[in-house]
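**Q** Got start.txt for you, compact mmCIF, C-alpha atoms:
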# COMPACT_ATOMS: atom_id res chain seq x y z
CA MET A 1 24.20 -7.34 4.28
CA LEU A 2 22.75 -7.56 0.78
CA PHE A 3 22.17 -4.35 -1.13
CA GLU A 4 18.51 -3.40 -0.85
CA ASP A 5 17.47 -2.63 -4.42
CA VAL A 6 14.12 -1.03 -3.63
CA TYR A 7 13.20 2.48 -2.54
CA LYS A 8 10.04 4.39 -1.66
CA THR A 9 8.85 7.47 -3.48
CA ILE A 10 5.78 9.29 -4.78
CA GLU A 11 4.50 9.71 -8.33
CA VAL A 12 1.89 12.47 -7.97
CA GLN A 13 1.77 15.95 -6.51
CA SER A 14 -0.09 16.77 -3.33
CA ASP A 15 -0.87 19.67 -1.05
CA GLY A 16 -1.79 20.11 2.58
CA LEU A 17 -2.72 22.80 5.06
CA TYR A 18 -2.09 23.62 8.71
CA LYS A 19 -3.35 26.69 10.58
CA SER A 20 -2.16 28.13 13.87
CA LYS A 21 -2.92 31.50 15.50
CA GLY A 22 -3.79 33.13 12.20
CA SER A 23 -0.78 31.77 10.30
CA LYS A 24 -1.42 29.51 7.32
CA PHE A 25 1.07 26.82 6.31
CA ILE A 26 0.42 25.48 2.80
CA SER A 27 2.44 22.36 1.98
CA LEU A 28 3.22 21.36 -1.60
CA VAL A 29 4.74 17.96 -2.38
CA PHE A 30 6.34 17.15 -5.74
CA PRO A 31 8.00 14.07 -7.23
CA VAL A 32 11.46 15.14 -8.49
CA LYS A 33 14.48 13.32 -9.88
CA SER A 34 17.08 16.07 -10.29
CA LEU A 35 18.32 19.32 -8.81
CA GLU A 36 17.12 21.06 -11.97
CA GLU A 37 13.56 19.92 -11.24
CA VAL A 38 13.90 21.14 -7.65
CA LYS A 39 15.00 24.59 -8.83
CA LEU A 40 12.12 24.82 -11.32
CA LYS A 41 9.51 23.83 -8.72
CA LEU A 42 10.92 26.29 -6.17
CA GLU A 43 10.77 29.08 -8.73
CA GLU A 44 7.18 28.18 -9.69
CA VAL A 45 6.03 28.12 -6.07
CA ARG A 46 7.80 31.38 -5.19
CA ASN A 47 6.09 33.04 -8.16
CA SER A 48 2.68 31.56 -7.37
CA TYR A 49 2.91 32.47 -3.66
CA HIS A 50 4.97 35.64 -4.05
CA ASP A 51 3.08 37.38 -1.23
CA ALA A 52 3.92 34.72 1.36
CA ARG A 53 6.38 35.45 4.19
CA HIS A 54 8.38 32.21 3.89
CA HIS A 55 8.95 29.42 1.36
CA CYS A 56 10.65 26.70 3.40
CA TYR A 57 11.58 23.36 1.89
CA ALA A 58 13.42 20.07 2.05
CA TYR A 59 14.24 17.49 -0.61
CA MET A 60 15.77 14.05 -1.00
CA ILE A 61 16.98 12.81 -4.39
CA GLY A 62 18.45 9.56 -5.69
CA TYR A 63 17.69 5.88 -5.17
CA ASP A 64 20.60 5.96 -2.69
CA LYS A 65 19.43 9.28 -1.18
CA SER A 66 22.68 10.87 -2.31
CA ALA A 67 21.38 14.46 -2.54
CA SER A 68 19.41 16.28 0.14
CA ARG A 69 18.91 19.74 1.55
CA MET A 70 16.68 21.65 3.92
CA ASN A 71 16.07 25.39 4.05
CA ASP A 72 14.41 27.53 6.75
CA ASP A 73 14.04 30.58 4.45
CA GLY A 74 14.23 33.12 7.27
CA GLU A 75 12.46 31.13 9.96
CA PRO A 76 14.50 30.43 13.14
CA SER A 77 17.23 27.86 12.48
CA GLY A 78 15.94 24.29 12.58
CA SER A 79 12.28 25.25 12.94
CA ALA A 80 11.13 24.68 9.35
CA GLY A 81 13.42 22.73 7.02
CA ARG A 82 14.29 20.16 9.69
CA PRO A 83 10.69 19.13 10.56
CA ILE A 84 9.88 18.97 6.84
CA MET A 85 12.88 16.70 6.29
CA GLY A 86 11.85 14.72 9.37
CA GLN A 87 8.63 13.69 7.63
CA ILE A 88 10.50 12.75 4.44
CA LEU A 89 12.81 10.55 6.54
CA SER A 90 10.08 9.03 8.69
CA HIS A 91 8.21 8.01 5.52
CA ASP A 92 11.54 6.71 4.10
CA LEU A 93 11.04 8.67 0.87
CA THR A 94 13.36 9.79 -1.89
CA ASN A 95 12.93 11.69 -5.17
CA VAL A 96 10.64 14.08 -3.34
CA LEU A 97 10.49 17.83 -2.74
CA VAL A 98 8.32 19.40 -0.04
CA ILE A 99 7.79 23.17 0.04
CA VAL A 100 5.79 24.74 2.86
CA VAL A 101 4.57 28.28 2.23
CA ARG A 102 3.78 30.37 5.29
CA TYR A 103 1.43 33.31 5.49
CA PHE A 104 2.14 35.09 8.78
CA GLY A 105 -0.92 35.75 10.92
CA GLY A 106 0.56 38.38 13.21
CA THR A 107 1.20 36.19 16.24
CA LYS A 108 4.56 34.53 16.83
CA LEU A 109 4.32 30.79 17.38
CA GLY A 110 7.66 30.15 19.08
CA ILE A 111 10.13 27.47 18.03
CA ARG A 112 7.97 24.56 19.24
CA GLY A 113 4.92 25.97 17.49
CA LEU A 114 6.81 26.42 14.24
CA ILE A 115 8.26 22.90 14.36
CA ASP A 116 4.77 21.45 14.84
CA ALA A 117 3.29 23.63 12.10
CA TYR A 118 5.83 22.64 9.45
CA LYS A 119 5.67 19.00 10.52
CA TYR A 120 1.88 18.71 10.40
CA ALA A 121 1.54 20.71 7.18
CA THR A 122 3.95 18.28 5.52
CA LEU A 123 2.20 15.28 7.04
CA ASP A 124 -1.19 16.46 5.79
CA ALA A 125 0.07 16.53 2.19
CA LEU A 126 1.89 13.19 2.40
CA ASN A 127 -1.13 11.44 3.90
CA LYS A 128 -3.18 12.27 0.80
CA ILE A 129 -1.05 10.38 -1.74
CA PRO A 130 0.09 6.78 -2.17
CA ILE A 131 3.69 5.90 -1.43
CA VAL A 132 5.07 3.55 -4.08
CA GLU A 133 7.96 1.12 -3.94
CA LYS A 134 10.32 1.01 -6.91
CA THR A 135 13.31 -1.14 -7.76
CA VAL A 136 16.80 0.21 -8.37
CA ASN A 137 17.55 -0.59 -12.02
CA GLU A 138 20.71 -0.58 -14.11
CA ILE A 139 20.91 0.31 -17.80
CA TYR A 140 23.32 -1.40 -20.21
CA SER A 141 24.11 -1.24 -23.90
CA VAL A 142 24.99 -4.33 -25.94
CA ASP A 143 26.86 -4.26 -29.28
CA PHE A 144 27.10 -7.34 -31.53
CA GLU A 145 27.16 -8.55 -35.13
CA TYR A 146 23.91 -9.71 -36.74
CA PRO A 147 24.81 -13.46 -36.75
CA LEU A 148 24.81 -13.37 -32.90
CA MET A 149 21.21 -12.11 -32.82
CA ASN A 150 19.63 -15.41 -31.66
CA GLN A 151 22.03 -15.84 -28.74
CA VAL A 152 21.52 -12.25 -27.59
CA MET A 153 17.74 -12.35 -27.90
CA LYS A 154 17.58 -15.64 -25.99
CA ILE A 155 19.07 -13.88 -22.95
CA VAL A 156 16.70 -10.94 -23.46
CA LYS A 157 13.72 -13.32 -23.50
CA ASP A 158 14.84 -15.69 -20.73
CA ASP A 159 15.66 -12.88 -18.31
CA GLN A 160 12.73 -10.68 -19.39
CA LEU A 161 14.93 -7.67 -20.01
CA ASN A 162 13.21 -4.37 -20.59
CA ILE A 163 14.50 -3.11 -23.96
CA LEU A 164 14.74 0.69 -24.13
CA SER A 165 16.09 0.98 -27.68
CA GLN A 166 17.32 -1.33 -30.42
CA ASN A 167 18.96 -1.16 -33.83
CA PHE A 168 19.27 -4.41 -35.80
CA GLU A 169 21.39 -4.01 -38.91
CA MET A 170 24.75 -5.68 -39.71
CA LYS A 171 26.14 -4.00 -36.60
CA CYS A 172 23.47 -4.35 -33.94
CA ASN A 173 22.88 -2.47 -30.69
CA LEU A 174 20.32 -2.62 -27.96
CA THR A 175 19.90 -0.83 -24.66
CA PHE A 176 18.13 -2.57 -21.79
CA GLU A 177 17.10 -2.01 -18.21
CA ILE A 178 17.32 -4.62 -15.48
CA ARG A 179 16.79 -4.80 -11.73
CA LYS A 180 20.11 -4.28 -9.93
CA LEU A 181 20.04 -7.59 -8.04
CA SER A 182 19.80 -9.50 -11.34
CA ALA A 183 22.30 -7.37 -13.27
CA GLU A 184 25.49 -9.27 -12.45
CA LYS A 185 24.12 -12.60 -13.67
CA VAL A 186 22.87 -11.12 -16.97
CA PHE A 187 26.09 -9.16 -17.46
CA SER A 188 28.17 -12.35 -17.18
CA GLN A 189 25.87 -14.19 -19.63
CA PHE A 190 26.48 -11.56 -22.30
CA GLN A 191 30.23 -11.56 -21.59
CA LYS A 192 30.39 -15.30 -22.29
CA ILE A 193 29.25 -14.77 -25.91
CA ASN A 194 32.34 -14.19 -28.06
CA GLY A 195 31.83 -11.03 -30.11
CA VAL A 196 29.32 -9.36 -27.78
CA LYS A 197 30.35 -6.13 -26.07
CA ILE A 198 28.28 -5.03 -23.05
CA ASN A 199 28.67 -1.68 -21.32
CA TYR A 200 27.16 -0.35 -18.09
CA LEU A 201 25.54 3.05 -18.67
CA ARG A 202 23.88 4.20 -15.44
CA THR A 203 21.77 3.30 -12.42
CA ILE A 204 18.29 4.74 -11.94
Taking this structure as input, can you express it in the form of structure tokens?
**A**
Amino acid sequence: MLFEDVYKTIEVQSDGLYKSKGSKFISLVFPVKSLEEVKLKLEEVRNSYHDARHHCYAYMIGYDKSASRMNDDGEPSGSAGRPIMGQILSHDLTNVLVIVVRYFGGTKLGIRGLIDAYKYATLDALNKIPIVEKTVNEIYSVDFEYPLMNQVMKIVKDDQLNILSQNFEMKCNLTFEIRKLSAEKVFSQFQKINGVKINYLRTI
């Protein structure tokens, strides 16, 4: 099976609301790309809603969904973080953090009631924003001497490479971004030019 070099994510924040038997469940959805961003958003929400009973959450990070976590924050095990994560998975999202803040209304909802509340609060927020599809891209650096400029730039132009930075003096360098499925072909083209050094930097 070919590597699928696209993923679904969000680019804007959103919020939603679900009420049940006096309890309020406020859902907050954020686009995130790192654990540092997750920690910052959690801290912001906990400060903003410091009087809430629970701050439950789930997140998925990475084009390959390599980092994820769910947290019930004092709710019965599996009744909060799991249904939040369930909506992230059912929408096939990554690079997303969902926090659901609960204000307790005095009446216990039971496990089933809690699962539904956290699920529908999350769903309400996700339904308000567009889901976007992005490509998995690789970033490379290319080093070469100035006389090789024309050969290098021909590849840049022919393959429509997205240049992120460039420095053209006697010793030249450029950094470019390319869709993963096209990377191997472009990499081999640069390798064929004697005197050009190409290095893989990272995948985003």
**Q** Kindly indicate which residue among A:Leu123, A:Leu35, A:Ile26, A:Val12 lies nearest to Pro83 (chain A), using all atoms listed in the file for the distances.
**A**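 Among the listed residues, A:Leu123 lies closest to Pro83 (chain A).
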**Q** Given only C-alpha atoms as the basis, pick out the residue of A:Leu93, A:Leu126, A:Val101, A:Val142 nearest to His50 (chain A).
**A** A:Val101
**Q** Hey, what's within 7 Å of region 177-186 of chain A if we count all atoms listed in the file and toss same-chain stuff fewer than 6 positions away? As a PyMOL selection string, please?
**A** chain A and resi 5+135-140+161-164
**Q** Skip region 61-76 of chain A itself and residues of its chain fewer than 5 positions away, then list as a list in words all residues within 7 Å of it, counting only C-alpha atoms.
**A**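 Surrounding residues, per the criterion: Tyr7, Lys33, Ser34, His54, His55, Cys56, Gly81, Arg82, Met85, Thr94, Asn95, Val96, Val136 and Ile204 of chain A.
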**Q** Write out as a PyMOL selection string which residues come within 12 Å of Gln189 (chain A) when counting only C-alpha atoms, dropping same-chain ones fewer than 5 positions away.
**A** chain A and resi 142+151-156+158-159+182-184+194+196-198
**Q** Extract, using all atoms listed in the file, all DNA, RNA and protein residues at most 8 Å from Gln13 (chain A), discarding same-chain residues fewer than 4 positions from it, and format them as a VMD selection string.
**A** chain A and resid 28 to 31 129
**Q** Tell me which of A:Lys171, A:Gly195, A:Ile111, A:Val100 sits closest to Asp124 (chain A), counting all atoms listed in the file.
**A**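 Once distances to Asp124 (chain A) are computed over all atoms listed in the file, the minimum belongs to A:Val100.
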**Q** Which residue out of A:Asn199, A:Asn47, A:Glu133, A:Ser141 has the minimum interatomic distance to Glu11 (chain A) when only C-alpha atoms are used?
**A**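 Smallest distance to Glu11 (chain A) is found for A:Glu133.
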**Q** Which of these, A:Asn167, A:Lys108, A:Asp15, A:Leu97, has the shortest distance to Glu36 (chain A) once you count all atoms listed in the file?
**A**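 Using all atoms listed in the file, Glu36 (chain A) sits closest to A:Leu97.
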**Q** Considering all atoms listed in the file, return as a ChimeraX atom specification whatever protein or nucleic-acid residues lie within 12 Å of Ser23 (chain A), sequence-local ones (same chain, fewer than 3 positions apart) excluded.
**A** /A:17-20,26,52-54,101-109,113-114,117-118,121
**Q** To one decimal place in Å, what is the distance between CA of Leu174 (chain A) and CA of Met149 (chain A)?
**A**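 Separating CA of Leu174 (chain A) from CA of Met149 (chain A) is a distance of 10.7 Å.
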**Q** Of the candidates A:Leu42, A:Lys134, A:Thr122, A:Phe190, which one gets nearest to His91 (chain A) if we count only C-alpha atoms?
**A**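 Smallest distance to His91 (chain A) is found for A:Thr122.
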**Q** In Å to one decimal, how far is CA of Met60 (chain A) from CA of Lys39 (chain A)?
**A**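 Answer for the CA of Lys39 (chain A) to CA of Met60 (chain A) separation: 13.2 Å.
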**Q** Where's the centre, and what are the edge lengths in Å to one decimal, of a box along x, y and z enclosing all listed atoms of region 167-170 of chain A padded 8 Å per side, as JSON?
**A**
{"center_x": 21.9, "center_y": -3.4, "center_z": -36.8, "size_x": 21.8, "size_y": 20.5, "size_z": 21.9}
